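Coordinates from work-v4.pdb are shown below (PDB, C-alpha atoms).
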```
ATOM      1  CA  MET A 168      34.485  13.140  -8.806  1.00  0.00           C
ATOM      2  CA  GLU A 169      34.413  16.373  -6.882  1.00  0.00           C
ATOM      3  CA  VAL A 170      32.209  19.207  -8.074  1.00  0.00           C
ATOM      4  CA  ASN A 171      32.541  22.721  -6.765  1.00  0.00           C
ATOM      5  CA  LEU A 172      29.106  24.235  -6.332  1.00  0.00           C
ATOM      6  CA  THR A 173      28.155  27.731  -5.395  1.00  0.00           C
ATOM      7  CA  PRO A 174      26.234  28.041  -2.126  1.00  0.00           C
ATOM      8  CA  GLU A 175      23.043  28.681  -4.108  1.00  0.00           C
ATOM      9  CA  GLN A 176      23.595  25.532  -6.201  1.00  0.00           C
ATOM     10  CA  GLN A 177      24.269  23.519  -3.053  1.00  0.00           C
ATOM     11  CA  GLU A 178      20.960  24.753  -1.608  1.00  0.00           C
ATOM     12  CA  TYR A 179      19.141  23.334  -4.607  1.00  0.00           C
ATOM     13  CA  VAL A 180      21.026  20.046  -4.412  1.00  0.00           C
ATOM     14  CA  ASP A 181      20.167  19.785  -0.729  1.00  0.00           C
ATOM     15  CA  ALA A 182      16.508  20.658  -1.393  1.00  0.00           C
ATOM     16  CA  TYR A 183      16.264  18.040  -4.162  1.00  0.00           C
ATOM     17  CA  ASN A 184      17.847  15.420  -1.914  1.00  0.00           C
ATOM     18  CA  ALA A 185      15.408  16.241   0.887  1.00  0.00           C
ATOM     19  CA  VAL A 186      12.424  15.863  -1.455  1.00  0.00           C
ATOM     20  CA  LEU A 187      13.775  12.625  -2.931  1.00  0.00           C
ATOM     21  CA  ASN A 188      14.339  11.210   0.553  1.00  0.00           C
ATOM     22  CA  ARG A 189      10.791  12.175   1.487  1.00  0.00           C
ATOM     23  CA  ILE A 190       9.428  10.483  -1.654  1.00  0.00           C
ATOM     24  CA  ASN A 191      11.452   7.379  -0.859  1.00  0.00           C
ATOM     25  CA  GLY A 192       9.961   7.265   2.641  1.00  0.00           C
ATOM     26  CA  ILE A 193       6.462   7.651   1.215  1.00  0.00           C
ATOM     27  CA  GLN A 194       7.110   4.828  -1.268  1.00  0.00           C
ATOM     28  CA  LEU A 195       8.223   2.555   1.560  1.00  0.00           C
ATOM     29  CA  LYS A 196       4.988   3.315   3.415  1.00  0.00           C
ATOM     30  CA  ILE A 197       2.958   2.644   0.255  1.00  0.00           C
ATOM     31  CA  ASP A 198       4.695  -0.708  -0.198  1.00  0.00           C
ATOM     32  CA  LYS A 199       3.956  -1.632   3.416  1.00  0.00           C
ATOM     33  CA  LEU A 200       0.295  -0.638   3.015  1.00  0.00           C
ATOM     34  CA  LYS A 201       0.029  -2.725  -0.169  1.00  0.00           C
ATOM     35  CA  ASP A 202       1.320  -5.748   1.734  1.00  0.00           C
ATOM     36  CA  GLU A 203      -1.089  -5.066   4.590  1.00  0.00           C
ATOM     37  CA  ALA A 204      -4.004  -4.680   2.171  1.00  0.00           C
ATOM     38  CA  SER A 205      -3.117  -7.954   0.440  1.00  0.00           C
ATOM     39  CA  GLU A 206      -3.097  -9.749   3.787  1.00  0.00           C
ATOM     40  CA  ALA A 207      -6.482  -8.244   4.675  1.00  0.00           C
ATOM     41  CA  VAL A 208      -7.981  -9.323   1.339  1.00  0.00           C
ATOM     42  CA  LEU A 209      -6.686 -12.863   1.852  1.00  0.00           C
ATOM     43  CA  GLU A 210      -8.256 -12.927   5.320  1.00  0.00           C
ATOM     44  CA  LEU A 211     -11.536 -11.582   3.937  1.00  0.00           C
ATOM     45  CA  ASN A 212     -11.618 -14.253   1.251  1.00  0.00           C
ATOM     46  CA  ARG A 213     -10.821 -16.929   3.828  1.00  0.00           C
ATOM     47  CA  LEU A 214     -13.708 -15.734   6.003  1.00  0.00           C
ATOM     48  CA  ARG A 215     -16.088 -15.670   3.026  1.00  0.00           C
ATOM     49  CA  HIS A 216     -15.127 -19.208   2.091  1.00  0.00           C
ATOM     50  CA  GLU A 217     -15.521 -20.384   5.679  1.00  0.00           C
ATOM     51  CA  GLU A 218     -18.928 -18.688   5.915  1.00  0.00           C
ATOM     52  CA  GLN A 219     -20.106 -20.372   2.706  1.00  0.00           C
ATOM     53  CA  LEU A 220     -19.099 -23.742   4.116  1.00  0.00           C
ATOM     54  CA  MET A 221     -20.828 -23.090   7.453  1.00  0.00           C
ATOM     55  CA  PHE A 222     -23.937 -21.484   5.967  1.00  0.00           C
ATOM     56  CA  PRO A 223     -24.451 -22.750   2.428  1.00  0.00           C
ATOM     57  CA  PRO A 224     -26.863 -20.723   0.327  1.00  0.00           C
ATOM     58  CA  ASP A 225     -30.409 -21.985   0.384  1.00  0.00           C
ATOM     59  CA  ASP A 226     -31.186 -22.872  -3.208  1.00  0.00           C
ATOM     60  CA  THR A 227     -34.876 -23.387  -2.522  1.00  0.00           C
ATOM     61  CA  GLU A 228     -36.762 -20.145  -2.965  1.00  0.00           C
ATOM     62  CA  GLU A 229     -39.981 -19.586  -1.089  1.00  0.00           C
ATOM     63  CA  THR A 230     -43.026 -18.884  -3.207  1.00  0.00           C
ATOM     64  CA  ASN A 231     -45.548 -16.381  -1.900  1.00  0.00           C
TER      65      ASN A 231
END
```

Could you spell out this file's structure in structure tokens?
Amino acid sequence: MEVNLTPEQQEYVDAYNAVLNRINGIQLKIDKLKDEASEAVLELNRLRHEEQLMFPPDDTEETN
């Protein structure tokens, strides 16, 4: 379907498309950062678990 737009209307269409493309790019970056954060949390939890195995908490408390 072909639509005949005035030059002013085309400017708005172009501006909207530019903003939507920018938002899409930002969303892609957000998605990538979410994946990266999830990987970092998994690594952190792995390290915590490993540390607990290597250095178990001392359940005996010293009395002063």

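What separates CA of Gly192 in chain A from CA of Glu178 in chain A is a distance of 21.1 Å.
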
* Interatomic distance (Å, one decimal) between CA of Asn184 in chain A and CA of Val170 in chain A -> 16.1 Å

Give me the box for range 177-195 of chain A as JSON, namely the centre and edge lengths in Å to one decimal of a box along x, y and z that holds every listed atom plus 8 Å on each side.
```
{"center_x": 15.4, "center_y": 13.7, "center_z": -1.0, "size_x": 33.8, "size_y": 38.2, "size_z": 23.2}
```

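Here CA of Leu200 in chain A is placed at a distance of 22.2 Å from CA of Arg215 in chain A.
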